[in-house]
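Worksheet for the structure shown next.
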Amino acid sequence: MRSSVGRAALLALFFVPSVASAEPAAVRLVRRVEPFVRPHPMADRSGRIPITVRLPDGVSAETLGLREVAPGVGAARLSPLALETFASEHPSLPLFAGPGVRPQLDRVAKWLGTEDYRAAMPEGTGLGAGVVVGVVDTGIDVTHPAFRTEDGRTRIKWLLTWGDPQGTHPELEAAYGCTDLAQAPCAVYSAEDIDAMLSNQRAIPDDVKDFAGHGTHVAGIAAGNGRSLAGEGTKFAGVAPDASLVVVSPSPGGGFEDDLVLRGTRFIFDRASEENMPAVVNLSLGGDFGPHDGTSPLEAGLAALVGDNQPGRAIVVASGNSGGLYDLGDETAAGIYTEVRVTEHGPVRAPIVVPGASNGDVFIWIHYGEADVVSVGLEAPDGTWITPVPPGDDEGYDDGEGTTGAVVNDEPGRSSITEDSNGAVAVWSGSWEEGGEFAVLLEGHGDVQMWITASGDAAENGAYFRSGKRSGTINTPASHPRLLGVGCTLNRHQWVPVGSPLIAISAFGPDDDGEIEDDSLCYFSAGGPTPLGVMKPEIVAPGAFVASAMSEEADPRTHSGGMFDGPSCPDDTKCYVVGDHYALAVGTSMSAPVVAGAVAVLFEQDPSLTQALVTDVLQASARKPEGKTGSGVLMGAGAVDLRHALQVLAEEQPSSEPPDLAQSYWVLGAASARPDPSWLVEGLVQLRRADGSVASGLDGSLLRVEVEGGLYARPLVKSRHGTFSFALSAPYATGGTKMRVRVLYDGQQIGDEMVLPIGVDALATGPFRADGGCNCMTVSSSSSGGAFAMLVPLAAWARRRRPRQRARAASR
């Protein structure tokens, strides 16, 4: 049954209870997790809906009855009725109320080069002293020895939690909306408050605990000091162990609405400013729903908190775990992202599967170019629900029994789409025949990019396009061009758990072919380019099987079902526990704090660095990973490496010494080109000496980029020291052909030639086959478990179909 979807009706689809379930669709709405954790309701504890708004120029948040949570972004929490009234009173105001984001170093030091970095520094420096490391996550175990000084006092300067206001710091709680009935409640704790808890003068409330364990682990990677009551030394120390901590835990379940992420990030920067300290904020969280082009309130709000006019501030974001492709047993490579070219020659059908589920909610964000004209429809297993809807229109479907659907096409103010972005939103909620196929229907002309996410029962294994792509999967908010996105490399593939023999992973992803290599790109690590062609992530760092602090509430020896309780551990051991207070975890959530700690170390050296300069320094000093990187399009500038950061920070001196071509490398930001000269494929060249150091002092006049079958759209430009950037594009009417690219220095080729197919059609060119994923599914937990159920919602289902995921015990 087709029905018109006005603004209020569309909001109702998202926010009011459906017949098929006792809970609202919004309550079941979550983004794909990073890592995947227990769903958290969009509605807060009072039943209100959080909204964020990009404020029009010249309009203050207060005039709209909102609170400014970041420059240019307002927020409020409204009842469904109040939300409908607000929407009616402001029909042209785009309200973003999509799914919330989710939480996404003994050996790390080897890859990062921290010892070499500190050896070049004055004794006792290079540890992040005088810098604030901020963490917005599931919380922190304040009792953990990694976050306490030698005399037992806390290293946490401030803590902002999801708890009810305490009144101990009334001015701060008022300033951040903790006591505002239109906002989510929150509580502020100082170091003195935490010390009182540690000395048993005050009880530790639930909001000061980390039941999920994700935030404690992340904080330990960035700034834990590695201490343990068991006398294990400091081998598990984080990257910046002398830094101070400011921690924000926005919600008890680990699901973070956009307004709370913005509020928490602002809180961290404000507290650091009060103490005249530089600060880096780590966001190991993200989602697949959104424009991915920097225009959402979360992306724009975070970017507004850093910039060239705000030195001593940086934000580091996990790229996401959405980059995996999965064999569904029918020769397809399913993924959360796809792209397709729509022409006037005929309609396009993009098939969707929701394996193992017959009910839930599915959300699709559809992006197309400003000059494109694309109509969007929705097909279900029982037929077409919504025929293609043209731009500027919307349609709905309702079967009268609790199953609904909607398409809103390029109507700013009628959905989360803003004036700055082009595209559509398609959603459905309710029940369907298990195993049935859905599809997005497209007509018109243009290049279309689509991301899909699910909630409710549909989220257990996930929703996927049958013809998925790894590129373009970068999560929001890491997708913003000015935020430092971090991808994942394999830290280790074997370790010794507490009280158990050596554990060895037999394979990690479909590209291992029985030979696993440390320092390879993680098969699930998400990357770019963004819809604007921006290379993502900016850099990669160790994230798979990283050892860090384990919260007391997440210790699998006393609390089952959490993020460290791997059901595939041999003989039911707790094989991810590697120390009395330390355990292993996997994900880009673990990669981001490695880089955040590196930024803290750089801030210690130069607190005037800006977000852009920090990014430049880390990219210019990066190294090529030693393991498998595929074509390299998902690794950004390379792997973070502090060994040569001081060299890059220093003023460059001219040099005539040529680079070592075997150590030098180059990367592209996309695996394919589009037949559109305006859409650029970005590239980076990294010149290195024989010892791996940066080849500084060269003007690049001997560098040359050769292109066959494409356009050399932007010539080589020196970014910093030995790093040079360029861009390519493809002419119109070249779809189906290939572009060949080579980079040479003084006539000698650097690395291999790269061949890029030209075209934007995962459906027409045929799917890439991927035979499985992590051969160590020991990092998953039950669907109702804690914050670490294996990164890939399809995992449990895929394991039944293709049982390749295992850990094996090996003799020591």
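All residue names refer to the structure tokens as shown: chains lettered A, B, ... in order, residues numbered from 1 in each chain, ligands numbered from 1 in order.
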Residue neighbourhood Arg482 of chain A, 12 Å, only C-alpha atoms, exclusion window fewer than 2 positions, as a PyMOL selection string: chain A and resi 293-295+299-308+314-317+477-480+484-485+534-538+610-616
Spatial neighbours of Ala673 of chain A, 9 Å, only C-alpha atoms, chain gap at least 5 places, as a list in words:
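With the cut-off at 9 Å, the set is Trp679, Leu680, Val681, Gly710, Leu728, Ser729, Ala730, Gly735, Lys738, Met739, Leu756, Pro757, Ile758, Gly759 and Val760 of chain A.
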Q: Fewer than 5 positions away in the same chain doesn't count, so skip those; otherwise give me all residues within 8 Å of segment 153-158 of chain A, counting only C-alpha atoms, as a list in words.
A: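 Listing them by chain and then by number gives Val142, Phe147, Arg148, Val188, Tyr189, Ser190, Ala191, Ile194, Asp195, Leu198, Ser244, Leu245, Val246, Val247 and Arg271 of chain A.
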Among segment 502-586 of chain A, which ones does DSSP place in strand (DSSP E), written as number ranges by chain?
A: 503-505, 539-549, 577-579, 582-586
Could you please take those selected residues and save all heavy atoms as a compact mmCIF listing (two decimals), in the first residue's frame?
# COMPACT_ATOMS: atom_id res chain seq x y z
N ILE A 503 48.86 -18.92 21.86
CA ILE A 503 47.74 -18.89 20.91
C ILE A 503 48.27 -18.36 19.59
O ILE A 503 48.98 -17.35 19.54
CB ILE A 503 46.61 -17.98 21.42
CG1 ILE A 503 45.94 -18.60 22.64
CG2 ILE A 503 45.59 -17.70 20.32
CD1 ILE A 503 45.10 -19.81 22.35
N ALA A 504 47.93 -19.03 18.48
CA ALA A 504 48.33 -18.57 17.16
C ALA A 504 47.10 -18.51 16.26
O ALA A 504 46.27 -19.42 16.27
CB ALA A 504 49.37 -19.50 16.56
N ILE A 505 46.98 -17.43 15.50
CA ILE A 505 45.87 -17.26 14.57
C ILE A 505 46.27 -17.85 13.22
O ILE A 505 47.32 -17.52 12.68
CB ILE A 505 45.52 -15.77 14.41
CG1 ILE A 505 45.20 -15.16 15.78
CG2 ILE A 505 44.33 -15.60 13.47
CD1 ILE A 505 44.10 -15.85 16.52
N ILE A 539 45.76 7.87 7.76
CA ILE A 539 46.90 7.06 8.21
C ILE A 539 46.35 5.78 8.81
O ILE A 539 45.15 5.68 9.12
CB ILE A 539 47.74 7.86 9.24
CG1 ILE A 539 49.18 7.37 9.29
CG2 ILE A 539 47.09 7.85 10.63
CD1 ILE A 539 50.13 8.38 9.91
N VAL A 540 47.22 4.76 8.97
CA VAL A 540 46.82 3.52 9.62
C VAL A 540 47.73 3.27 10.82
O VAL A 540 48.83 3.82 10.91
CB VAL A 540 46.85 2.32 8.65
CG1 VAL A 540 45.82 2.48 7.56
CG2 VAL A 540 48.25 2.13 8.06
N ALA A 541 47.25 2.42 11.74
CA ALA A 541 48.00 2.13 12.96
C ALA A 541 47.59 0.75 13.47
O ALA A 541 46.53 0.23 13.11
CB ALA A 541 47.73 3.20 14.02
N PRO A 542 48.41 0.14 14.33
CA PRO A 542 48.07 -1.18 14.88
C PRO A 542 46.71 -1.16 15.57
O PRO A 542 46.43 -0.28 16.38
CB PRO A 542 49.20 -1.45 15.89
CG PRO A 542 50.34 -0.63 15.40
CD PRO A 542 49.73 0.61 14.82
N GLY A 543 45.87 -2.15 15.22
CA GLY A 543 44.54 -2.21 15.83
C GLY A 543 44.04 -3.62 16.07
O GLY A 543 43.08 -3.81 16.81
N ALA A 544 44.67 -4.61 15.46
CA ALA A 544 44.22 -5.99 15.62
C ALA A 544 45.07 -6.71 16.66
O ALA A 544 46.28 -6.84 16.50
CB ALA A 544 44.28 -6.72 14.28
N PHE A 545 44.41 -7.15 17.73
CA PHE A 545 45.05 -7.86 18.83
C PHE A 545 46.06 -6.96 19.55
O PHE A 545 47.24 -7.28 19.65
CB PHE A 545 45.68 -9.17 18.35
CG PHE A 545 44.71 -10.04 17.62
CD1 PHE A 545 44.80 -10.21 16.25
CD2 PHE A 545 43.66 -10.65 18.29
CE1 PHE A 545 43.88 -10.99 15.56
CE2 PHE A 545 42.74 -11.43 17.61
CZ PHE A 545 42.84 -11.60 16.24
N VAL A 546 45.55 -5.84 20.02
CA VAL A 546 46.34 -4.88 20.78
C VAL A 546 46.06 -5.10 22.27
O VAL A 546 44.91 -5.20 22.69
CB VAL A 546 45.98 -3.43 20.39
CG1 VAL A 546 46.75 -2.44 21.26
CG2 VAL A 546 46.30 -3.20 18.91
N ALA A 547 47.13 -5.16 23.07
CA ALA A 547 46.99 -5.34 24.52
C ALA A 547 46.84 -3.99 25.20
O ALA A 547 47.60 -3.06 24.91
CB ALA A 547 48.20 -6.07 25.08
N SER A 548 45.87 -3.88 26.10
CA SER A 548 45.68 -2.64 26.84
C SER A 548 44.86 -2.93 28.10
O SER A 548 44.53 -4.08 28.40
CB SER A 548 45.00 -1.59 25.96
OG SER A 548 44.88 -0.35 26.64
N ALA A 549 44.52 -1.86 28.81
CA ALA A 549 43.86 -1.98 30.10
C ALA A 549 42.49 -2.64 29.99
O ALA A 549 41.72 -2.36 29.06
CB ALA A 549 43.71 -0.59 30.73
N VAL A 577 42.90 -12.53 27.77
CA VAL A 577 43.49 -11.92 28.97
C VAL A 577 44.98 -12.22 28.96
O VAL A 577 45.40 -13.37 28.99
CB VAL A 577 42.84 -12.48 30.25
CG1 VAL A 577 43.49 -11.86 31.48
CG2 VAL A 577 41.34 -12.19 30.24
N VAL A 578 45.79 -11.17 28.91
CA VAL A 578 47.25 -11.35 28.80
C VAL A 578 48.00 -10.80 30.01
O VAL A 578 49.23 -10.85 30.05
CB VAL A 578 47.78 -10.68 27.51
CG1 VAL A 578 47.24 -11.39 26.28
CG2 VAL A 578 47.43 -9.20 27.47
N GLY A 579 47.28 -10.31 30.99
CA GLY A 579 47.87 -9.80 32.21
C GLY A 579 46.79 -9.68 33.26
O GLY A 579 45.60 -9.80 32.97
N TYR A 582 45.01 -6.66 32.02
CA TYR A 582 45.20 -6.32 30.61
C TYR A 582 44.66 -7.42 29.71
O TYR A 582 44.71 -8.61 30.05
CB TYR A 582 46.67 -6.04 30.31
CG TYR A 582 47.17 -4.81 31.04
CD1 TYR A 582 47.69 -4.91 32.33
CD2 TYR A 582 47.09 -3.55 30.46
CE1 TYR A 582 48.12 -3.79 33.02
CE2 TYR A 582 47.51 -2.43 31.14
CZ TYR A 582 48.02 -2.55 32.42
OH TYR A 582 48.43 -1.43 33.10
N ALA A 583 44.17 -7.00 28.53
CA ALA A 583 43.61 -7.95 27.59
C ALA A 583 43.75 -7.41 26.16
O ALA A 583 44.07 -6.24 25.95
CB ALA A 583 42.13 -8.22 27.91
N LEU A 584 43.50 -8.29 25.19
CA LEU A 584 43.59 -7.94 23.78
C LEU A 584 42.22 -7.55 23.23
O LEU A 584 41.19 -8.06 23.67
CB LEU A 584 44.11 -9.12 22.96
CG LEU A 584 45.50 -9.68 23.29
CD1 LEU A 584 45.77 -10.89 22.41
CD2 LEU A 584 46.56 -8.61 23.07
N ALA A 585 42.22 -6.68 22.23
CA ALA A 585 41.00 -6.34 21.50
C ALA A 585 41.37 -6.03 20.05
O ALA A 585 42.55 -5.83 19.72
CB ALA A 585 40.29 -5.15 22.14
N VAL A 586 40.35 -5.98 19.20
CA VAL A 586 40.55 -5.82 17.76
C VAL A 586 39.62 -4.75 17.23
O VAL A 586 38.45 -4.68 17.60
CB VAL A 586 40.26 -7.15 17.01
CG1 VAL A 586 40.42 -6.98 15.51
CG2 VAL A 586 41.16 -8.26 17.51
So which residues touch segment 70-72 of chain A within 12 Å, counting only C-alpha atoms, skipping near sequence neighbours fewer than 3 positions away, as a PyMOL selection string? chain A and resi 52-62+66-67+75+176+258-267+269-270+295-306
Can you list, as a ChimeraX atom specification, every protein, DNA or RNA residue that comes within 9 Å of Ser608 of chain A when you count only C-alpha atoms, leaving out same-chain residues fewer than 6 positions away?
-> /A:278,310-313
Using the chain letters and numbers from this document, which residues of segment 363-495 of chain A does DSSP assign to helix (DSSP H, G or I), as an MDAnalysis selection string? chainID A and resid 456:459
